[in-house]
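K.L.:
Data file upload_39.txt (compact mmCIF, C-alpha atoms and all ligand atoms) is appended below.
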# COMPACT_ATOMS: atom_id res chain seq x y z
CA MET R 233 22.68 3.37 -51.18
CA SER R 234 24.04 3.28 -54.67
CA ASP R 235 23.39 0.24 -56.77
CA GLN R 236 26.93 -0.49 -57.86
CA THR R 237 29.41 -3.27 -57.85
CA SER R 238 32.76 -2.42 -56.37
CA ASN R 239 35.66 -4.81 -55.83
CA GLY R 240 33.54 -7.83 -56.77
CA MET R 241 30.75 -7.05 -54.34
CA HIS R 242 27.33 -5.54 -55.03
CA CYS R 243 26.14 -2.81 -52.65
CA ASN R 244 23.08 -4.90 -51.73
CA GLU R 245 25.35 -7.73 -50.67
CA PHE R 246 27.42 -5.28 -48.67
CA ASP R 247 24.26 -4.20 -46.90
CA LEU R 248 23.41 -7.78 -45.97
CA LEU R 249 26.92 -8.49 -44.71
CA LEU R 250 27.29 -5.22 -42.80
CA SER R 251 25.68 -6.50 -39.60
CA ASP R 252 27.72 -9.69 -39.66
CA ALA R 253 30.89 -7.68 -40.29
CA LEU R 254 30.20 -5.52 -37.24
CA ASP R 255 29.35 -8.60 -35.21
CA GLY R 256 32.76 -9.98 -36.18
CA VAL R 257 31.41 -13.12 -37.79
CA LEU R 258 32.70 -12.45 -41.28
CA THR R 259 35.84 -14.44 -42.09
CA GLY R 260 38.16 -15.40 -44.87
CA ALA R 261 37.52 -14.37 -48.44
CA GLN R 262 34.12 -12.90 -47.62
CA LEU R 263 35.68 -10.54 -45.09
CA ASP R 264 38.35 -9.52 -47.60
CA ARG R 265 35.76 -8.73 -50.27
CA PHE R 266 33.67 -6.81 -47.76
CA GLN R 267 36.63 -4.71 -46.64
CA ALA R 268 37.65 -4.06 -50.20
CA HIS R 269 34.13 -2.82 -51.03
CA THR R 270 34.10 -0.60 -47.96
CA ARG R 271 37.32 1.06 -49.09
CA GLY R 272 36.37 1.34 -52.74
CA CYS R 273 32.64 2.27 -52.72
CA LYS R 274 31.88 5.95 -52.20
CA ALA R 275 28.45 5.17 -50.81
CA CYS R 276 29.20 2.13 -48.66
CA GLY R 277 32.40 3.42 -47.08
CA PRO R 278 30.72 6.29 -45.21
CA LEU R 279 27.69 4.11 -44.55
CA PHE R 280 29.88 1.60 -42.75
CA ALA R 281 31.27 4.37 -40.52
CA GLU R 282 27.80 5.66 -39.72
CA VAL R 283 26.35 2.27 -38.93
CA GLU R 284 29.30 1.48 -36.69
CA ALA R 285 28.98 4.82 -34.90
CA GLY R 286 25.22 4.35 -34.46
CA ARG R 287 25.75 0.91 -32.99
CA ASN R 288 28.33 2.31 -30.57
CA TRP R 289 25.96 5.07 -29.44
CA LEU R 290 23.24 2.49 -28.79
CA LYS R 291 25.60 0.15 -26.96
CA GLY R 292 26.36 3.04 -24.63
CA LEU R 293 22.74 3.10 -23.45
CA THR R 294 22.40 1.14 -20.25
CA GLU R 295 19.28 -0.56 -18.96
CA VAL R 296 16.98 1.69 -17.00
CA GLU R 297 15.54 0.67 -13.67
CA PRO R 298 11.76 0.15 -13.74
CA PRO R 299 9.75 1.96 -11.04
CA ALA R 300 9.62 0.07 -7.75
CA SER R 301 5.84 -0.12 -7.94
CA LEU R 302 5.80 -1.74 -11.37
CA VAL R 303 5.65 -5.38 -10.30
CA THR R 304 3.03 -4.69 -7.65
CA ASN R 305 0.93 -2.76 -10.15
CA ILE R 306 1.23 -5.49 -12.76
CA LEU R 307 0.16 -8.14 -10.28
CA ALA R 308 -2.71 -5.97 -9.10
CA SER R 309 -3.89 -5.40 -12.66
CA THR R 310 -3.65 -9.07 -13.59
CA THR R 311 -4.37 -11.36 -10.67
CA GLY R 312 -5.19 -8.82 -7.99
CA VAL R 313 -4.75 -11.50 -5.37
CA ASP R 314 -1.01 -11.43 -5.54
CA THR R 315 -0.83 -7.88 -4.34
CA GLN R 316 -2.21 -9.00 -1.02
CA ARG R 317 0.32 -11.78 -0.88
CA LEU R 318 3.16 -9.43 -1.71
CA ARG R 319 2.12 -7.07 1.04
CA THR R 320 2.03 -9.95 3.48
CA VAL R 321 5.54 -10.91 2.45
CA GLU R 322 6.68 -7.32 2.87
CA ARG R 323 5.33 -7.29 6.43
CA ALA R 324 6.69 -10.68 7.39
CA PRO R 325 5.84 -11.58 10.99
CA GLN R 326 8.65 -10.74 13.37
CA PRO R 327 10.18 -13.66 15.21
CA GLY R 328 9.22 -14.11 18.81
CA ILE R 329 5.62 -12.98 18.40
CA THR R 330 3.26 -15.66 19.53
CA TRP R 331 0.04 -16.51 17.75
CA LEU R 332 -1.86 -15.11 20.71
CA GLU R 333 -0.18 -11.74 20.34
CA ARG R 334 -0.97 -11.75 16.63
CA VAL R 335 -4.61 -12.54 17.37
CA GLN R 336 -4.67 -9.77 19.95
CA ALA R 337 -3.12 -7.38 17.48
CA SER R 338 -5.63 -8.22 14.79
CA VAL R 339 -8.59 -8.17 17.18
CA SER R 340 -7.51 -4.89 18.75
CA GLY R 341 -7.85 -3.30 15.31
CA PHE R 342 -11.61 -3.49 15.22
CA MET R 343 -12.15 -3.77 18.98
CA GLU R 344 -10.33 -0.53 19.71
CA PRO R 345 -13.30 1.84 19.12
CA ILE R 346 -15.52 -0.37 21.23
CA TRP R 347 -12.95 -0.65 23.96
CA ALA R 348 -12.53 3.12 23.93
CA THR R 349 -16.24 3.45 24.64
CA VAL R 350 -16.16 0.83 27.34
CA ARG R 351 -13.41 2.75 29.09
CA GLN R 352 -15.57 5.84 29.37
CA PRO R 353 -16.69 6.13 32.99
CA ARG R 354 -20.32 6.50 32.18
CA PHE R 355 -20.57 3.37 30.12
CA ALA R 356 -18.26 1.44 32.40
CA MET R 357 -20.65 2.23 35.26
CA SER R 358 -23.70 0.93 33.39
CA PHE R 359 -21.85 -2.11 32.18
CA GLY R 360 -20.44 -2.86 35.62
CA MET R 361 -23.84 -2.54 37.27
CA ALA R 362 -25.51 -4.72 34.66
CA PHE R 363 -22.86 -7.36 35.10
CA PHE R 364 -23.14 -7.14 38.87
CA ALA R 365 -26.92 -7.48 38.74
CA LEU R 366 -26.70 -10.41 36.37
CA SER R 367 -24.10 -12.24 38.45
CA VAL R 368 -26.09 -11.68 41.66
CA GLY R 369 -29.20 -12.87 39.91
CA LEU R 370 -27.49 -15.99 38.68
CA THR R 371 -25.98 -16.68 42.09
CA VAL R 372 -29.28 -16.43 43.96
CA ALA R 373 -30.86 -18.56 41.26
CA GLY R 374 -28.36 -21.27 42.13
CA VAL R 375 -26.24 -21.06 39.01
CA LYS R 376 -22.64 -21.94 39.82
CA PRO R 377 -19.82 -20.46 37.75
CA ALA R 378 -18.92 -23.98 36.62
CA ASP R 379 -22.35 -24.30 35.09
CA LEU R 380 -21.62 -21.38 32.79
CA THR R 381 -19.39 -23.56 30.69
CA LYS R 382 -22.38 -25.74 29.96
CA ILE R 383 -24.54 -22.83 28.84
CA SER R 384 -25.46 -23.00 25.24
CA LEU R 385 -24.91 -19.70 23.50
CA ARG R 386 -27.42 -20.25 20.76
CA PRO R 387 -29.81 -17.27 20.91
CA ALA R 388 -32.83 -19.50 21.55
CA ALA R 389 -31.02 -21.25 24.37
CA ILE R 390 -29.89 -17.94 25.86
CA ARG R 391 -33.47 -16.73 25.82
CA ARG R 392 -34.65 -19.92 27.50
CA THR R 393 -31.93 -19.71 30.14
CA TYR R 394 -32.75 -16.08 30.74
CA TYR R 395 -36.47 -16.70 31.19
CA SER R 396 -36.03 -19.61 33.58
CA THR R 397 -33.41 -17.76 35.61
CA ARG R 398 -35.50 -14.64 35.79
CA ALA R 399 -38.56 -16.62 36.76
CA GLN R 400 -36.71 -17.98 39.77
CA VAL R 401 -35.35 -14.59 40.75
CA VAL R 402 -38.74 -12.94 40.44
CA HIS R 403 -40.38 -15.75 42.33
CA ARG R 404 -38.10 -15.47 45.35
CA TYR R 405 -37.52 -11.76 45.54
CA GLU R 406 -40.48 -10.24 43.83
CA ASN R 407 -41.23 -7.79 46.59
CA ILE R 408 -37.70 -6.92 47.49
CA ARG R 409 -36.29 -3.55 46.61
CA PHE R 410 -33.26 -5.29 45.10
CA VAL R 411 -35.32 -6.48 42.20
CA TYR R 412 -36.29 -2.94 41.43
CA GLU R 413 -32.70 -1.97 41.60
CA VAL R 414 -31.81 -4.66 39.08
CA GLU R 415 -34.69 -3.72 36.85
CA SER R 416 -33.86 -0.05 36.97
CA ARG R 417 -30.34 -0.88 35.92
CA VAL R 418 -31.56 -2.96 33.04
CA ARG R 419 -33.87 -0.11 32.08
CA GLU R 420 -30.88 2.13 32.01
CA ILE R 421 -29.17 -0.26 29.66
CA LYS R 422 -32.28 -0.34 27.57
CA ARG R 423 -32.31 3.43 27.32
CA ASN R 424 -28.78 3.27 26.04
CA ILE R 425 -29.57 0.58 23.57
CA THR R 426 -32.88 1.69 22.12
CA PRO R 427 -31.72 4.78 20.18
CA ALA R 428 -29.08 2.69 18.49
CA GLU R 429 -31.68 1.84 15.88
CA PRO R 430 -30.65 3.75 12.80
CA ALA R 431 -34.17 4.93 11.98
CA PRO R 432 -34.19 8.73 11.86
CA ALA R 433 -37.80 8.83 13.08
CA LYS R 434 -37.51 8.20 16.79
CA PRO R 435 -39.91 5.89 18.66
CA LYS R 436 -42.48 7.23 21.11
CA ASP R 437 -39.90 7.44 23.87
CA ASN R 438 -39.77 11.16 24.59
CA LYS R 439 -36.51 10.88 26.43
CA ASN R 440 -34.79 10.23 23.14
CA ASP R 441 -36.13 13.34 21.52
CA THR R 442 -33.12 15.33 22.58
CA THR R 443 -31.69 16.53 19.32
CA GLN R 444 -31.14 20.04 20.67
CA GLN R 445 -29.20 18.97 23.73
CA PRO R 446 -25.55 18.18 23.29
CA GLU R 447 -25.33 16.22 26.52
CA GLN R 448 -28.12 13.90 25.48
CA LYS R 449 -26.68 13.60 22.01
CA GLN R 450 -23.55 12.32 23.57
CA GLU R 451 -25.56 9.69 25.37
CA ARG R 452 -26.94 8.56 22.05
CA ASN R 453 -23.44 8.23 20.73
CA TYR R 454 -22.61 5.97 23.60
CA SER R 455 -25.65 3.91 23.01
CA GLN R 456 -24.79 3.43 19.36
CA THR R 457 -21.60 1.78 20.32
CA ASP R 458 -23.37 -0.08 23.12
CA SER R 459 -25.17 -2.25 20.65
CA HIS R 460 -21.92 -2.87 18.85
CA LEU R 461 -20.38 -3.94 22.10
CA ILE R 462 -23.08 -6.46 22.69
CA LEU R 463 -22.57 -7.87 19.23
CA ALA R 464 -18.81 -7.93 19.40
CA SER R 465 -18.55 -9.21 22.92
CA ALA R 466 -20.46 -12.36 22.18
CA PRO R 467 -17.85 -14.15 20.11
CA LEU R 468 -19.46 -17.56 20.40
CA GLY R 469 -22.79 -16.44 19.07
CA PRO R 470 -23.66 -18.39 15.96
CA SER R 471 -25.32 -15.51 14.20
CA VAL R 472 -24.78 -11.84 14.75
CA ASN R 473 -28.28 -11.12 13.56
CA ASP R 474 -29.80 -13.13 16.34
CA LEU R 475 -27.98 -11.44 19.13
CA PRO R 476 -29.91 -8.16 19.38
CA VAL R 477 -32.95 -10.30 20.05
CA VAL R 478 -31.56 -11.00 23.50
CA SER R 479 -31.44 -7.37 24.46
CA VAL R 480 -34.84 -6.62 22.89
CA THR R 481 -36.34 -9.44 24.89
CA THR R 482 -34.79 -8.00 28.01
CA ASP R 483 -36.44 -4.67 27.30
CA ARG R 484 -39.85 -6.11 26.72
CA ARG R 485 -39.80 -8.10 29.90
CA PHE R 486 -38.67 -5.35 32.19
CA VAL R 487 -40.45 -2.28 30.90
CA MET N 190 18.98 -17.22 -22.65
CA GLU N 191 16.27 -19.29 -21.05
CA ASP N 192 15.78 -22.89 -20.15
CA VAL N 193 12.95 -23.98 -22.41
CA GLN N 194 11.75 -26.71 -20.05
CA VAL N 195 11.83 -24.49 -16.99
CA VAL N 196 9.89 -21.74 -18.72
CA ALA N 197 7.41 -24.21 -20.22
CA MET N 198 6.76 -25.60 -16.74
CA LEU N 199 6.37 -22.08 -15.36
CA VAL N 200 3.82 -21.28 -18.04
CA ARG N 201 1.92 -24.53 -17.38
CA ARG N 202 1.77 -23.76 -13.66
CA CYS N 203 0.54 -20.31 -14.48
CA ILE N 204 -2.24 -21.58 -16.71
CA ALA N 205 -3.22 -23.98 -13.93
CA GLY N 206 -3.78 -20.96 -11.71
CA ASP N 207 -0.51 -20.89 -9.77
CA ALA N 208 -0.19 -17.26 -8.72
CA ALA N 209 3.41 -17.75 -7.61
CA ALA N 210 4.36 -18.91 -11.12
CA TRP N 211 2.80 -15.82 -12.62
CA GLU N 212 4.62 -13.63 -10.16
CA GLU N 213 7.86 -15.32 -11.17
CA ILE N 214 7.16 -14.53 -14.82
CA VAL N 215 6.41 -10.93 -13.93
CA GLN N 216 9.61 -10.72 -11.89
CA ASN N 217 11.67 -12.27 -14.68
CA TYR N 218 10.38 -10.21 -17.59
CA ASN N 219 9.16 -6.85 -16.27
CA ARG N 220 12.58 -5.24 -16.55
CA ARG N 221 13.06 -6.33 -20.12
CA ILE N 222 9.60 -5.28 -21.24
CA TYR N 223 9.83 -1.99 -19.40
CA ASN N 224 13.12 -1.20 -21.12
CA ILE N 225 11.78 -2.00 -24.58
CA CYS N 226 8.74 0.17 -23.89
CA TYR N 227 10.85 2.95 -22.43
CA ARG N 228 13.21 3.09 -25.37
CA PHE N 229 10.40 2.84 -27.87
CA ALA N 230 7.90 5.19 -26.19
CA GLY N 231 10.49 7.64 -24.91
CA SER N 232 8.90 8.40 -21.54
CA GLY N 233 8.95 6.52 -18.26
CA ASP N 234 5.26 7.09 -17.57
CA ASP N 235 4.24 5.71 -20.96
CA ALA N 236 6.61 2.80 -20.48
CA GLU N 237 5.03 1.96 -17.14
CA ASP N 238 1.51 1.98 -18.56
CA LEU N 239 2.55 0.04 -21.64
CA THR N 240 4.41 -2.56 -19.61
CA GLN N 241 1.29 -3.13 -17.54
CA GLU N 242 -0.75 -3.49 -20.72
CA VAL N 243 1.75 -6.01 -22.08
CA PHE N 244 1.44 -8.14 -18.95
CA ILE N 245 -2.34 -7.94 -18.99
CA LYS N 246 -2.26 -9.15 -22.58
CA MET N 247 0.26 -11.87 -21.68
CA TYR N 248 -1.87 -12.98 -18.77
CA ARG N 249 -4.91 -13.35 -21.00
CA THR N 250 -3.12 -15.14 -23.82
CA LEU N 251 -0.63 -17.23 -21.90
CA SER N 252 -2.31 -20.45 -22.95
CA SER N 253 -1.58 -19.60 -26.58
CA TYR N 254 2.17 -19.83 -26.01
CA ASP N 255 3.65 -22.91 -27.68
CA HIS N 256 7.20 -23.62 -26.55
CA THR N 257 7.82 -25.83 -29.57
CA LYS N 258 7.40 -22.80 -31.83
CA GLY N 259 9.93 -20.54 -30.18
CA ALA N 260 11.48 -19.17 -27.04
CA PHE N 261 9.21 -17.60 -24.45
CA VAL N 262 11.27 -14.43 -24.54
CA THR N 263 10.55 -14.11 -28.27
CA TRP N 264 6.85 -14.60 -27.60
CA VAL N 265 6.97 -11.94 -24.87
CA THR N 266 8.87 -9.56 -27.14
CA THR N 267 6.41 -10.13 -29.97
CA ILE N 268 3.50 -9.23 -27.70
CA THR N 269 5.36 -6.16 -26.50
CA ARG N 270 6.25 -5.05 -30.00
CA ASN N 271 2.71 -5.58 -31.34
CA LEU N 272 1.23 -3.62 -28.48
CA LEU N 273 3.71 -0.79 -28.98
CA VAL N 274 2.98 -0.62 -32.69
CA ASP N 275 -0.79 -0.69 -32.08
CA HIS N 276 -0.50 1.96 -29.41
CA PHE N 277 1.57 4.35 -31.46
CA ARG N 278 -0.35 3.75 -34.64
CA LYS N 279 -3.44 5.02 -32.87
CA GLY N 280 -2.25 8.46 -31.86
CA LYS N 281 1.27 9.41 -31.20
CA GLN N 282 2.46 8.16 -34.54
CA ASP N 283 1.68 11.40 -36.33
CA ARG N 284 4.68 13.13 -34.83
CA MET N 285 7.10 10.40 -35.82
CA THR N 286 9.18 10.53 -38.94
CA ASP N 287 8.56 8.02 -41.67
CA SER N 288 11.84 8.02 -43.46
CA ILE N 289 15.42 8.88 -42.90
CA ASP N 290 15.23 11.73 -45.39
CA THR N 291 12.27 13.53 -43.87
CA ALA N 292 13.72 13.00 -40.44
CA ALA N 293 17.00 14.54 -41.51
CA SER N 294 15.45 17.61 -43.07
CA GLU N 295 13.07 18.20 -40.20
CA HIS N 296 15.68 17.99 -37.51
CA GLU N 297 18.08 20.19 -39.42
CA ASP N 298 15.66 23.03 -38.81
CA ALA N 299 14.20 22.07 -35.49
CA GLN N 300 17.48 21.36 -33.73
CA PRO N 301 15.72 19.65 -30.86
CA LEU N 302 18.67 17.61 -29.67
CA SER N 303 21.09 20.48 -29.41
CA GLU N 304 19.02 21.93 -26.60
CA GLN N 305 19.87 18.92 -24.53
CA ILE N 306 23.55 18.96 -25.23
CA PRO N 307 25.45 20.26 -22.20
CA ASP N 308 27.64 23.32 -22.38
CA GLN N 309 30.98 21.99 -23.53
CA SER N 310 32.93 24.85 -21.98
CA ALA N 311 32.15 23.73 -18.45
CA PRO N 312 33.95 20.52 -17.53
CA PRO N 313 31.15 18.37 -16.14
CA ASP N 314 31.47 15.41 -13.90
CA ALA N 315 32.04 12.24 -15.92
CA HIS N 316 28.97 10.56 -14.51
CA ILE N 317 26.69 13.51 -15.26
CA ARG N 318 28.29 13.81 -18.68
CA SER N 319 27.59 10.19 -19.53
CA ARG N 320 24.02 10.54 -18.29
CA GLU N 321 23.54 13.57 -20.49
CA VAL N 322 24.94 11.69 -23.46
CA SER N 323 22.57 8.82 -22.71
CA GLU N 324 19.63 11.19 -22.65
CA THR N 325 20.72 12.69 -25.94
CA VAL N 326 20.99 9.27 -27.57
CA HIS N 327 17.64 8.32 -26.07
CA SER N 328 16.04 11.43 -27.57
CA ALA N 329 17.64 10.73 -30.95
CA LEU N 330 16.29 7.19 -30.83
CA ALA N 331 12.78 8.55 -30.43
CA LYS N 332 13.21 10.40 -33.72
CA LEU N 333 13.78 7.27 -35.75
CA SER N 334 10.82 5.87 -37.62
CA PRO N 335 9.11 3.11 -35.57
CA GLU N 336 10.26 0.30 -37.84
CA LEU N 337 13.90 1.35 -37.60
CA ARG N 338 13.61 2.11 -33.92
CA GLU N 339 12.18 -1.27 -32.96
CA ALA N 340 14.84 -3.04 -35.00
CA VAL N 341 17.78 -1.34 -33.30
CA ILE N 342 16.18 -1.61 -29.86
CA LEU N 343 15.78 -5.35 -30.19
CA ARG N 344 19.24 -5.82 -31.64
CA ASP N 345 21.47 -3.34 -29.82
CA LEU N 346 19.61 -2.93 -26.52
CA GLN N 347 18.01 -6.35 -26.08
CA ASP N 348 20.74 -8.39 -27.80
CA MET N 349 18.27 -10.51 -29.71
CA ASP N 350 19.57 -12.45 -32.70
CA TYR N 351 18.33 -11.71 -36.20
CA ARG N 352 16.16 -14.79 -36.38
CA GLU N 353 14.35 -13.89 -33.15
CA ILE N 354 13.88 -10.32 -34.30
CA ALA N 355 12.57 -11.54 -37.64
CA THR N 356 10.03 -13.68 -35.76
CA ALA N 357 8.96 -10.82 -33.50
CA LEU N 358 8.67 -8.33 -36.36
CA ARG N 359 7.28 -10.89 -38.84
CA VAL N 360 9.71 -9.85 -41.57
CA PRO N 361 12.57 -11.74 -43.28
CA GLU N 362 16.00 -11.70 -41.69
CA GLY N 363 17.37 -9.71 -44.60
CA THR N 364 14.84 -6.98 -43.92
CA VAL N 365 15.77 -7.02 -40.24
CA LYS N 366 19.45 -6.53 -41.07
CA SER N 367 18.67 -3.76 -43.51
CA ARG N 368 16.51 -1.94 -40.95
CA ILE N 369 19.18 -2.28 -38.30
CA ASN N 370 21.74 -0.76 -40.65
CA ARG N 371 19.46 2.12 -41.56
CA GLY N 372 18.45 2.67 -37.96
CA ARG N 373 22.02 2.80 -36.71
CA ALA N 374 23.12 5.05 -39.57
CA GLU N 375 20.21 7.42 -39.07
CA LEU N 376 20.90 7.66 -35.36
CA ALA N 377 24.56 8.40 -36.02
CA ARG N 378 23.60 11.16 -38.47
CA LEU N 379 21.20 12.74 -35.98
CA LEU N 380 23.78 12.71 -33.21
CA GLN N 381 26.62 13.81 -35.46
CA ARG N 382 24.54 16.77 -36.58
CA THR N 383 23.66 17.62 -33.01
CA TYR N 384 27.20 17.54 -31.73
CA ARG N 385 28.50 19.44 -34.72
CA GLN N 386 26.03 22.23 -33.97
CA VAL N 387 27.15 22.45 -30.39
CA MET N 388 30.84 22.44 -31.11
ZN ZN A 501 28.59 0.01 -52.11
Do you think you could lay out the structure here as structure tokens?
P.N.:
Amino acid sequence: MSDQTSNGMHCNEFDLLLSDALDGVLTGAQLDRFQAHTRGCKACGPLFAEVEAGRNWLKGLTEVEPPASLVTNILASTTGVDTQRLRTVERAPQPGITWLERVQASVSGFMEPIWATVRQPRFAMSFGMAFFALSVGLTVAGVKPADLTKISLRPAAIRRTYYSTRAQVVHRYENIRFVYEVESRVREIKRNITPAEPAPAKPKDNKNDTTQQPEQKQERNYSQTDSHLILASAPLGPSVNDLPVVSVTTDRRFV
Amino acid sequence: MEDVQVVAMLVRRCIAGDAAAWEEIVQNYNRRIYNICYRFAGSGDDAEDLTQEVFIKMYRTLSSYDHTKGAFVTWVTTITRNLLVDHFRKGKQDRMTDSIDTAASEHEDAQPLSEQIPDQSAPPDAHIRSREVSETVHSALAKLSPELREAVILRDLQDMDYREIATALRVPEGTVKSRINRGRAELARLLQRTYRQVM
């Protein structure tokens, strides 16, 4: 910009007033002087045209739409927690679904693999027999179904209940073949449960040394989920860690 | 532009750990910040990353906002602008032009914008045509020096007043006006040159 005075206005002053002139806020004598300088100054005249054109180009630019993921990403990178909340809002619960159905839906998520195993005929057989044996045992021991509601599910209490019940059963039917039947069934359960231990070095039980046999391998797969079933199917248990104790105790007593 | 009391309350809730308040701030300002970043940085990917960085910085420094010292939007814009300047000073700055004169001489030879100008002989759809023009202007904007670019972005794209821009850029209002003039003029020259070459 040239450093001249034209029509009573210095080029520096023109520069300061240029924005206001384009904004339409110049009035009266100031506007007249500005317009006169624009017409008369060889430097400022073209400058005015350029600045006006540049402003018009820029005004033609519209806002761009941010990516849809932007807000979610911002929240994830700042609070982290909000992302979860957003997702929950996105999947708002549909009307007409009861709380029970929602619980079932959420439970079925992690129960599904276990349930799939339970449905396999082989496991279902073992499970059914074990349940049958237990219910018969309880019945002959004089335990009524109503009493079950009073049973404490603390592991120590379960162990105590088990011992006293078994003592009665053994006392009355010690020499009966039925007891052996029950015990053999429990042994079968035990066989399924024992290899569930994650230790790669297998215990002395030779029956479990079956790494070369696909059929036996499959049995081990079942048994791995067996222990999960026992854990998951005891929802009232106070501590998951205590629960395997019940099955271990069973093994020790019967084998 | 913003209700000072409402925003101040929102900020207070945020500082107190109200996640919903923070989400509201993010919802209210992400578009604005993204657009400033996009126009300044030139690319959508950079703008996305930079916008996230701005919000991370905002989140950490929210308690430093004093509503008696200025509008929240000015505070947000200042953070955005400072982050952009820091970011581009570090690396990408080398490619940028420092003055109108060097920019003019460089682009005379390089003719980078003309490549993006559509073939005038084919009558294009008005919508496509306007999008192409927008892209050309956007590319020209990226060729301005950062100090001119930020000035015209805040004025002509974000409609901030000179006082707010002066606060965000930490320069006098007179300097802001001068930069806006130079930025607009330089952009017009770049585009004029480009279109003259095509026609
Ligand atoms: Zn002049």
K.L.:
Given all atoms listed in the file as the basis, pick out the residue of N:Leu273, N:Ile225, N:Glu321, N:Ile268 nearest to N:Arg344.
P.N.:
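Using all atoms listed in the file, N:Arg344 sits closest to N:Ile225.
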K.L.:
Please report as a VMD selection string which residues of chain N come no farther than 6 Å from chain R, using only C-alpha atoms.
P.N.:
chain N and resid 241 245 323 370 373 to 374 376 to 377
K.L.:
How many Å separate atom CA of N:Leu337 from atom CA of N:Arg368?
P.N.:
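Here the two named atoms are 5.4 Å from each other.
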K.L.:
Figure out the distance between atom CA of N:Ala315 and atom CA of N:Gly233, please, to one decimal in Å.
P.N.:
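Atom CA of N:Gly233 sits 23.9 Å away from atom CA of N:Ala315.
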K.L.:
To one decimal place, how far is atom CA of N:Val326 from atom CA of N:Gly231 in Å?
P.N.:
11.0 Å
K.L.:
Need to verify the contact set: N:Ala197, 9 Å, all atoms listed in the file, exclusion of same-chain residues closer than 4 positions in sequence. Can you return it as number ranges by chain?
P.N.:
N: 192-193, 201-202, 254-256, 261
K.L.:
Let me make sure I understand: among R:Ala268, R:Val257, R:Leu263, R:Cys276, which one has the smallest atom-to-atom distance to ligand ZN 501 (chain A) if we use all atoms listed in the file?
P.N.:
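Using all atoms listed in the file, the shortest distance to ligand ZN 501 (chain A) belongs to R:Cys276.
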K.L.:
Using only C-alpha atoms and all ligand atoms, which of the listed residues (R:Asp255, R:Ala261, R:Cys273, R:Gly240) sits closest to ligand ZN 501 (chain A)?
P.N.:
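Closest to ligand ZN 501 (chain A), using only C-alpha atoms and all ligand atoms: R:Cys273.
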K.L.:
Pick from R:Ala275, R:Ser416, R:Gly256, R:Gln262: nearest to ligand ZN 501 (chain A), with all atoms listed in the file counted?
P.N.:
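With all atoms listed in the file as the atom set, the closest residue is R:Ala275.
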